[in-house]
Amino acid sequence: MDETTSRLRLLLIDEEFPYPLTSGKRLRTYNLLRELSRRCDITTLAYGDPDSEGFRRFERDGLTPVAVPAPDRRQSGLRFYWRLFGNLFSPYPYIVTSHTTRRFHRRLRQLLARHSFDLVLCEWTPYARFVKDLPGVRKVITAHNIEAAIWRRYEQQETQPLRRLYIRLQRTKVEAFEARCFGWVDGAIAVSESEARQIAELGVPYPPAVVENGVDVGYFTAPADDPDPGQIVFSGAMDWRPNQDAALWFVQEIFPLLRRARPNLAVTIVGRDPVRRIRELGRVEGVTVTGTVADVRPYLARAAVFIVPLRIGGGSRLKILEAMAMRKAVVSTSVGAEGLRVAADENIMIADDAPAFAQAVLRCLGEPDLRRRLGENGRRLVEREYRWDILGHKMYEYLCRVMQQK
């Protein structure tokens with residue numbers, strides 16, 4: 001497609017209007033859409049309310065929002081457990097059935113009948129069910145994660161027998177769904193090379209693209225003041241199970257080791273909508289749980305070390321890129337750093353068990369020169385490879401290639 005003579009007409013479907021920017025998925029989707037809108041005319045179909053902040057923001061940005069009333073996706077109460085029970089008899093995993101409604105499918109069909117779109121972009125893998133049989137339009141999936149990998153890690157970490165059995169069933173369904181859904185579309189975008197290879201290994205008839213997660217290097221900059229040498233920070237949406245597991249593991253198994261060496265050390269856990277067991281971590285001496293915050297930067301600014309103790313997850317971590325942009329020393333597990341072109345001991349510290357993780361944090365706290373070196377190298381990395389304008393152009397070029405496929 002000649003971008004000088006024609007603009008790509010794009011219909012994006014998603015679970016929500018990704019604003020305000022309170023999670024990694026929202027940050028990625030919103031920033032890449034903003035970049036794509038320089039070259040594309042974009043309509044966004046999502047669950048939501050026309051009076052919501054996200055809907056109004058999309059209107060102001062020219063991203064033409066179309067709202068569909070959301071289903072009940074609360075993860076508590078009798079209705080939730082009834083839906084979980086009902087899913088036992090569905091061939092689809094719960095992450096698909098809980099997002100599937102006739103009204104969303106009907107509105108999608110109406111839009112395609114009334115407007116001429118070049119391409120439908122499925123902004124989360126479970127939404128591929130809506131595009132399976134759509135005729136006359138190219139279709140692309142954005143895979144923010146390989147969902148089956150996350151469910152495999154859920155299963156590995158779960159110790160309660162009945163929950164583990166249910167997770168195993170869901171993992172099997174997710175694996176089967178992903179094995180099929182990438183064959184329903186004309187292209188797929190992964191956030192890391194390893195996940196693009198996993199999609200390709202499913203035998204899809206197209207080359208998957210890699211468009212990494214990014215960071216606004218102008219918004220996330222080094223603070224003017226020196227950090228607090230007794231403060232470490234972990235950030236992430238606390239309504240997401242992998243982040244909950246990370247916070248619990250850190251406070252229960254790693255933080256006591258750190259406090260033995262540094263009795264006054266404090267950790268701040270920053271992230272939206274913490275569930276009760278995460279809020280209760282705030283009762284532990286030295287632990288603060290903030291809940292939802294308007295701006296994560298002041299917390300990052302005060303931190304001497306930024307931690308990513310993830311044991312479950314997929315994709316790549318925007319939280320690491322944000323910390324690196326602010327020249328912070330980062331200590332992460334291998335899972336936490338997956339999908340990023342980082343180098344251990346050069347721009348990040350990697351440790352995978354509690355004693356090693358504690359030791360890496362203590363090294364950074366005790367060696368200011370190490371902290372500065374890690375921070376400066378991290379900043380150079382994100383400026384070179386993870387700016388949104390670079391990634392947006394890469395995504396646009398891939399969508400154009402999908403349009404040119406025979």
# chains A, B, ... in the order shown; residues from 1 in each chain; ligands from 1
>>> residues_around(residues="Arg109 in chain A", least_positions_apart="3", cutoff="12 Å", atoms="only C-alpha atoms", output="list in words")
Leu11, Ile13, Leu45, Arg102, Arg103, Phe104, His105, Arg106, Leu112, Ala113, Arg114, His115, Ser116, Phe117, Val120, Phe130, Val131, Asp133, Leu134, Pro135, Gly136 and Val137 of chain A
>>> write_last_selection(atoms="C-alpha atoms", output="short mmCIF file (atom, residue, chain, number, x, y, z; two decimals), in the first residue's frame")
data_model
loop_
_atom_site.label_atom_id
_atom_site.label_comp_id
_atom_site.auth_asym_id
_atom_site.auth_seq_id
_atom_site.Cartn_x
_atom_site.Cartn_y
_atom_site.Cartn_z
CA LEU A 11 -11.49 -1.51 12.47
CA ILE A 13 -12.06 -4.72 18.25
CA LEU A 45 -15.41 -1.26 18.65
CA ARG A 102 -24.46 -11.64 20.59
CA ARG A 103 -24.73 -7.85 20.83
CA PHE A 104 -20.99 -7.40 20.19
CA HIS A 105 -21.11 -9.76 17.21
CA ARG A 106 -24.21 -8.02 15.85
CA LEU A 112 -18.79 -4.05 8.34
CA ALA A 113 -22.04 -3.80 6.36
CA ARG A 114 -22.19 0.00 6.56
CA HIS A 115 -18.51 0.89 6.13
CA SER A 116 -15.69 -0.24 3.89
CA PHE A 117 -12.80 -1.38 6.09
CA VAL A 120 -10.00 -5.85 11.21
CA PHE A 130 -15.70 -12.74 16.51
CA VAL A 131 -13.70 -12.67 13.27
CA ASP A 133 -16.05 -16.30 9.63
CA LEU A 134 -15.94 -12.65 8.56
CA PRO A 135 -15.92 -12.48 4.74
CA GLY A 136 -14.33 -9.89 2.47
CA VAL A 137 -11.92 -8.27 4.92
#
>>> residues_around(residues="range 393-401 of chain A", least_positions_apart="5", cutoff="10 Å", atoms="only C-alpha atoms", output="PyMOL selection string")
chain A and resi 1-3+8+10+32-33+35-40+118-119+121+138-140+186-189+207-212+388
>>> residues_around(residues="Tyr94 in chain A", least_positions_apart="6", cutoff="12 Å", atoms="only C-alpha atoms", output="PDB file with N, CA and C atoms, in the first residue's frame")
ATOM      1  N   ARG A  73     -18.504  -9.242  34.026  1.00  0.00           N
ATOM      2  CA  ARG A  73     -17.259 -10.010  34.123  1.00  0.00           C
ATOM      3  C   ARG A  73     -16.668  -9.959  35.531  1.00  0.00           C
ATOM      4  N   GLN A  75     -15.434 -11.080  39.004  1.00  0.00           N
ATOM      5  CA  GLN A  75     -14.842 -12.362  39.381  1.00  0.00           C
ATOM      6  C   GLN A  75     -15.105 -12.670  40.852  1.00  0.00           C
ATOM      7  N   PHE A  80     -20.602 -15.510  39.230  1.00  0.00           N
ATOM      8  CA  PHE A  80     -19.268 -15.806  38.700  1.00  0.00           C
ATOM      9  C   PHE A  80     -19.004 -17.313  38.763  1.00  0.00           C
ATOM     10  N   TYR A  81     -19.280 -17.910  39.917  1.00  0.00           N
ATOM     11  CA  TYR A  81     -19.001 -19.341  40.059  1.00  0.00           C
ATOM     12  C   TYR A  81     -19.955 -20.173  39.199  1.00  0.00           C
ATOM     13  N   TRP A  82     -21.170 -19.690  38.983  1.00  0.00           N
ATOM     14  CA  TRP A  82     -22.081 -20.382  38.083  1.00  0.00           C
ATOM     15  C   TRP A  82     -21.552 -20.344  36.655  1.00  0.00           C
ATOM     16  N   ARG A  83     -20.990 -19.189  36.255  1.00  0.00           N
ATOM     17  CA  ARG A  83     -20.409 -19.091  34.910  1.00  0.00           C
ATOM     18  C   ARG A  83     -19.203 -20.011  34.768  1.00  0.00           C
ATOM     19  N   LEU A  84     -18.386 -20.100  35.818  1.00  0.00           N
ATOM     20  CA  LEU A  84     -17.251 -21.026  35.781  1.00  0.00           C
ATOM     21  C   LEU A  84     -17.733 -22.468  35.619  1.00  0.00           C
ATOM     22  N   PHE A  85     -18.796 -22.814  36.356  1.00  0.00           N
ATOM     23  CA  PHE A  85     -19.346 -24.169  36.241  1.00  0.00           C
ATOM     24  C   PHE A  85     -19.886 -24.404  34.833  1.00  0.00           C
ATOM     25  N   GLY A  86     -20.617 -23.430  34.298  1.00  0.00           N
ATOM     26  CA  GLY A  86     -21.176 -23.578  32.957  1.00  0.00           C
ATOM     27  C   GLY A  86     -20.106 -23.733  31.904  1.00  0.00           C
ATOM     28  N   ASN A  87     -18.954 -23.116  32.116  1.00  0.00           N
ATOM     29  CA  ASN A  87     -17.879 -23.215  31.136  1.00  0.00           C
ATOM     30  C   ASN A  87     -17.300 -24.627  31.034  1.00  0.00           C
ATOM     31  N   LEU A  88     -17.542 -25.458  32.045  1.00  0.00           N
ATOM     32  CA  LEU A  88     -17.083 -26.847  31.975  1.00  0.00           C
ATOM     33  C   LEU A  88     -17.636 -27.560  30.745  1.00  0.00           C
ATOM     34  N   THR A 100     -17.736 -13.116  25.052  1.00  0.00           N
ATOM     35  CA  THR A 100     -18.527 -13.319  23.839  1.00  0.00           C
ATOM     36  C   THR A 100     -19.991 -12.989  24.093  1.00  0.00           C
ATOM     37  N   PRO A 126      -8.559 -13.745  22.578  1.00  0.00           N
ATOM     38  CA  PRO A 126      -9.918 -14.278  22.742  1.00  0.00           C
ATOM     39  C   PRO A 126     -10.958 -13.662  21.807  1.00  0.00           C
ATOM     40  N   GLU A 147      -1.377 -16.989  25.518  1.00  0.00           N
ATOM     41  CA  GLU A 147      -2.205 -17.234  26.699  1.00  0.00           C
ATOM     42  C   GLU A 147      -1.974 -18.629  27.271  1.00  0.00           C
ATOM     43  N   TRP A 151      -1.305 -19.942  31.269  1.00  0.00           N
ATOM     44  CA  TRP A 151      -2.088 -20.952  31.977  1.00  0.00           C
ATOM     45  C   TRP A 151      -1.211 -22.133  32.400  1.00  0.00           C
ATOM     46  N   TYR A 166      -9.065 -27.484  37.798  1.00  0.00           N
ATOM     47  CA  TYR A 166      -9.826 -26.559  36.945  1.00  0.00           C
ATOM     48  C   TYR A 166      -8.878 -25.779  36.029  1.00  0.00           C
ATOM     49  N   ILE A 167      -7.753 -25.331  36.571  1.00  0.00           N
ATOM     50  CA  ILE A 167      -6.765 -24.602  35.763  1.00  0.00           C
ATOM     51  C   ILE A 167      -6.236 -25.493  34.647  1.00  0.00           C
ATOM     52  N   LEU A 169      -7.845 -27.871  33.128  1.00  0.00           N
ATOM     53  CA  LEU A 169      -8.886 -27.924  32.100  1.00  0.00           C
ATOM     54  C   LEU A 169      -8.880 -26.653  31.262  1.00  0.00           C
ATOM     55  N   GLN A 170      -8.766 -25.494  31.912  1.00  0.00           N
ATOM     56  CA  GLN A 170      -8.720 -24.237  31.176  1.00  0.00           C
ATOM     57  C   GLN A 170      -7.470 -24.151  30.295  1.00  0.00           C
ATOM     58  N   ARG A 171      -6.351 -24.615  30.827  1.00  0.00           N
ATOM     59  CA  ARG A 171      -5.121 -24.600  30.034  1.00  0.00           C
ATOM     60  C   ARG A 171      -5.267 -25.435  28.768  1.00  0.00           C
ATOM     61  N   THR A 172      -5.907 -26.603  28.890  1.00  0.00           N
ATOM     62  CA  THR A 172      -6.129 -27.457  27.728  1.00  0.00           C
ATOM     63  C   THR A 172      -7.009 -26.760  26.696  1.00  0.00           C
ATOM     64  N   LYS A 173      -8.062 -26.073  27.163  1.00  0.00           N
ATOM     65  CA  LYS A 173      -8.952 -25.367  26.250  1.00  0.00           C
ATOM     66  C   LYS A 173      -8.248 -24.184  25.582  1.00  0.00           C
ATOM     67  N   VAL A 174      -7.447 -23.462  26.356  1.00  0.00           N
ATOM     68  CA  VAL A 174      -6.721 -22.324  25.788  1.00  0.00           C
ATOM     69  C   VAL A 174      -5.736 -22.793  24.732  1.00  0.00           C
ATOM     70  N   PHE A 177      -7.702 -23.597  21.645  1.00  0.00           N
ATOM     71  CA  PHE A 177      -8.222 -22.393  21.005  1.00  0.00           C
ATOM     72  C   PHE A 177      -7.119 -21.662  20.244  1.00  0.00           C
TER      73      PHE A 177
END
>>> residues_around(residues="Leu318 in chain A", least_positions_apart="2", cutoff="9 Å", atoms="only C-alpha atoms", output="VMD selection string")
chain A and resid 23 to 25 27 to 28 213 to 215 316 320 to 323
>>> write_last_selection(atoms="N, CA and C atoms", output="tab-separated table (two decimals), in the first residue's frame")
chain	number	residue	atom	x	y	z
A	23	SER	N	-2.72	0.09	32.87
A	23	SER	CA	-2.19	-1.28	32.74
A	23	SER	C	-1.28	-1.34	31.52
A	24	GLY	N	-0.47	-2.39	31.47
A	24	GLY	CA	0.44	-2.54	30.35
A	24	GLY	C	-0.29	-2.70	29.02
A	25	LYS	N	-1.37	-3.48	29.02
A	25	LYS	CA	-2.12	-3.68	27.78
A	25	LYS	C	-2.71	-2.35	27.30
A	27	LEU	N	-1.61	0.68	27.90
A	27	LEU	CA	-0.51	1.53	27.43
A	27	LEU	C	-0.09	1.14	26.02
A	28	ARG	N	0.08	-0.14	25.80
A	28	ARG	CA	0.51	-0.59	24.48
A	28	ARG	C	-0.53	-0.26	23.42
A	213	ASN	N	6.66	-4.19	23.05
A	213	ASN	CA	6.11	-3.14	23.89
A	213	ASN	C	7.07	-1.96	23.92
A	214	GLY	N	6.55	-0.80	24.27
A	214	GLY	CA	7.38	0.40	24.22
A	214	GLY	C	7.20	1.29	25.42
A	215	VAL	N	7.78	2.48	25.32
A	215	VAL	CA	7.71	3.45	26.42
A	215	VAL	C	7.84	4.86	25.85
A	316	SER	N	5.96	-9.07	27.02
A	316	SER	CA	7.12	-8.37	27.55
A	316	SER	C	6.64	-7.24	28.45
A	320	ILE	N	9.22	-2.71	33.09
A	320	ILE	CA	10.68	-2.67	33.03
A	320	ILE	C	11.14	-1.52	32.15
A	321	LEU	N	10.49	-1.33	31.02
A	321	LEU	CA	10.87	-0.25	30.11
A	321	LEU	C	10.68	1.11	30.78
A	322	GLU	N	9.60	1.28	31.53
A	322	GLU	CA	9.37	2.54	32.23
A	322	GLU	C	10.46	2.81	33.26
A	323	ALA	N	10.82	1.78	34.02
A	323	ALA	CA	11.87	1.95	35.02
A	323	ALA	C	13.21	2.25	34.35
>>> residues_around(residues="Ala261 in chain A", least_positions_apart="3", cutoff="12 Å", atoms="only C-alpha atoms", output="ChimeraX atom specification")
/A:230,254-258,264-265,358-359,361-363,365-366
>>> select_by_dssp(residues="range 237-329 of chain A", states="strand (DSSP E)", output="list in words")
Ala266, Val267, Thr268, Ile269, Val270, Val287, Thr288, Val289, Thr290, Gly291, Ala303, Ala304, Val305, Phe306, Ile307, Val308 and Ala329 of chain A
>>> decode(residues="range 177-331 of chain A", atoms="C-alpha atoms", output="compact mmCIF listing (two decimals), in the first residue's frame")
# COMPACT_ATOMS: atom_id res chain seq x y z
CA PHE A 177 -8.22 -22.39 21.00
CA GLU A 178 -4.87 -20.78 20.21
CA ALA A 179 -3.93 -23.68 17.95
CA ARG A 180 -7.03 -22.85 15.86
CA CYS A 181 -7.57 -19.11 16.11
CA PHE A 182 -4.32 -18.02 14.49
CA GLY A 183 -5.44 -19.96 11.42
CA TRP A 184 -8.63 -17.86 11.14
CA VAL A 185 -6.74 -14.67 10.27
CA ASP A 186 -4.33 -13.28 7.70
CA GLY A 187 -1.64 -12.12 10.09
CA ALA A 188 -0.54 -12.02 13.72
CA ILE A 189 1.54 -9.59 15.77
CA ALA A 190 3.51 -10.85 18.77
CA VAL A 191 5.39 -8.79 21.33
CA SER A 192 8.56 -10.92 21.31
CA GLU A 193 10.59 -13.10 18.97
CA SER A 194 9.95 -16.22 21.04
CA GLU A 195 6.19 -15.75 20.94
CA ALA A 196 6.25 -15.04 17.18
CA ARG A 197 8.08 -18.37 16.75
CA GLN A 198 5.41 -20.15 18.81
CA ILE A 199 2.70 -18.76 16.52
CA ALA A 200 4.67 -19.75 13.41
CA GLU A 201 5.07 -23.29 14.79
CA LEU A 202 1.28 -23.66 14.70
CA GLY A 203 1.62 -23.89 10.91
CA VAL A 204 -0.01 -20.57 10.03
CA PRO A 205 0.18 -19.59 6.33
CA TYR A 206 1.77 -16.19 6.99
CA PRO A 207 4.85 -14.83 8.78
CA PRO A 208 3.96 -13.41 12.22
CA ALA A 209 5.41 -9.98 13.03
CA VAL A 210 7.15 -8.80 16.18
CA VAL A 211 6.12 -5.39 17.50
CA GLU A 212 7.57 -5.05 20.97
CA ASN A 213 6.11 -3.14 23.89
CA GLY A 214 7.38 0.40 24.22
CA VAL A 215 7.71 3.45 26.42
CA ASP A 216 7.28 7.21 26.12
CA VAL A 217 10.86 8.31 26.73
CA GLY A 218 9.76 11.94 27.05
CA TYR A 219 7.22 11.18 29.76
CA PHE A 220 9.42 8.78 31.72
CA THR A 221 12.66 10.64 32.41
CA ALA A 222 15.27 10.60 35.16
CA PRO A 223 14.20 12.41 38.34
CA ALA A 224 16.04 15.52 39.46
CA ASP A 225 16.37 14.31 43.07
CA ASP A 226 18.43 11.39 44.31
CA PRO A 227 16.48 8.21 45.10
CA ASP A 228 15.78 6.99 48.62
CA PRO A 229 18.49 4.35 49.28
CA GLY A 230 16.07 2.47 51.53
CA GLN A 231 13.20 2.21 49.03
CA ILE A 232 12.40 -0.44 46.44
CA VAL A 233 9.30 -0.49 44.21
CA PHE A 234 7.20 -3.00 42.31
CA SER A 235 4.46 -1.75 39.98
CA GLY A 236 1.77 -3.44 37.95
CA ALA A 237 -1.98 -3.93 37.72
CA MET A 238 -2.91 -5.74 40.93
CA ASP A 239 -6.11 -7.17 39.49
CA TRP A 240 -3.94 -9.43 37.26
CA ARG A 241 -3.03 -12.78 38.77
CA PRO A 242 0.65 -12.89 37.66
CA ASN A 243 1.29 -9.57 39.44
CA GLN A 244 -0.55 -10.82 42.53
CA ASP A 245 1.61 -13.94 42.60
CA ALA A 246 4.74 -11.80 42.20
CA ALA A 247 3.81 -9.48 45.07
CA LEU A 248 2.94 -12.36 47.38
CA TRP A 249 6.14 -14.28 46.57
CA PHE A 250 8.29 -11.20 47.10
CA VAL A 251 6.76 -10.19 50.44
CA GLN A 252 6.54 -13.70 51.85
CA GLU A 253 9.87 -15.17 50.69
CA ILE A 254 12.26 -12.46 49.51
CA PHE A 255 11.51 -9.42 51.66
CA PRO A 256 12.33 -11.17 54.96
CA LEU A 257 15.79 -11.97 53.60
CA LEU A 258 16.30 -8.33 52.64
CA ARG A 259 15.11 -7.04 56.04
CA ARG A 260 17.62 -9.24 57.85
CA ALA A 261 20.41 -7.44 56.02
CA ARG A 262 18.71 -4.00 55.96
CA PRO A 263 16.14 -3.72 58.78
CA ASN A 264 14.88 -0.32 57.61
CA LEU A 265 14.34 -1.31 53.98
CA ALA A 266 10.86 -0.55 52.61
CA VAL A 267 8.99 -1.78 49.55
CA THR A 268 6.10 -0.02 47.84
CA ILE A 269 3.68 -2.07 45.72
CA VAL A 270 2.01 0.25 43.21
CA GLY A 271 -0.91 -0.82 41.04
CA ARG A 272 -4.60 -0.58 40.36
CA ASP A 273 -7.39 -2.50 42.09
CA PRO A 274 -5.46 -4.74 44.51
CA VAL A 275 -7.50 -7.70 45.73
CA ARG A 276 -7.87 -8.28 49.46
CA ARG A 277 -4.89 -10.59 49.87
CA ILE A 278 -2.67 -7.96 48.23
CA ARG A 279 -4.09 -5.14 50.36
CA GLU A 280 -3.38 -7.25 53.43
CA LEU A 281 0.34 -7.27 52.54
CA GLY A 282 0.33 -3.66 53.71
CA ARG A 283 0.09 -4.99 57.29
CA VAL A 284 3.63 -6.35 56.99
CA GLU A 285 6.18 -3.97 58.49
CA GLY A 286 8.00 -2.09 55.72
CA VAL A 287 5.40 -2.85 53.04
CA THR A 288 3.13 -0.20 51.51
CA VAL A 289 0.33 -1.06 49.06
CA THR A 290 -0.86 2.07 47.29
CA GLY A 291 -3.77 0.83 45.20
CA THR A 292 -4.64 2.82 42.08
CA VAL A 293 -2.46 5.90 41.54
CA ALA A 294 -2.79 8.71 39.00
CA ASP A 295 0.93 8.71 38.16
CA VAL A 296 3.50 5.99 38.81
CA ARG A 297 6.49 8.26 38.15
CA PRO A 298 6.85 9.74 41.67
CA TYR A 299 7.10 6.22 43.09
CA LEU A 300 9.67 5.20 40.50
CA ALA A 301 11.61 8.41 41.15
CA ARG A 302 12.03 7.62 44.85
CA ALA A 303 13.10 4.02 44.29
CA ALA A 304 16.72 2.98 44.54
CA VAL A 305 15.84 -0.36 42.92
CA PHE A 306 12.88 -1.45 40.81
CA ILE A 307 11.88 -5.11 41.20
CA VAL A 308 10.02 -7.49 38.87
CA PRO A 309 9.55 -10.77 40.81
CA LEU A 310 7.25 -12.37 38.22
CA ARG A 311 6.93 -16.15 38.10
CA ILE A 312 3.92 -16.24 35.74
CA GLY A 313 3.43 -14.22 32.58
CA GLY A 314 4.02 -13.75 28.90
CA GLY A 315 4.67 -10.99 26.40
CA SER A 316 7.12 -8.37 27.55
CA ARG A 317 7.03 -6.04 30.52
CA LEU A 318 6.26 -2.35 30.00
CA LYS A 319 7.01 -1.82 33.68
CA ILE A 320 10.68 -2.67 33.03
CA LEU A 321 10.87 -0.25 30.11
CA GLU A 322 9.37 2.54 32.23
CA ALA A 323 11.87 1.95 35.02
CA MET A 324 14.76 1.84 32.55
CA ALA A 325 13.58 5.09 30.94
CA MET A 326 13.87 6.66 34.40
CA ARG A 327 17.41 5.25 34.74
CA LYS A 328 16.51 2.82 37.51
CA ALA A 329 18.44 -0.31 38.43
CA VAL A 330 16.11 -3.23 37.69
CA VAL A 331 16.16 -6.65 39.33
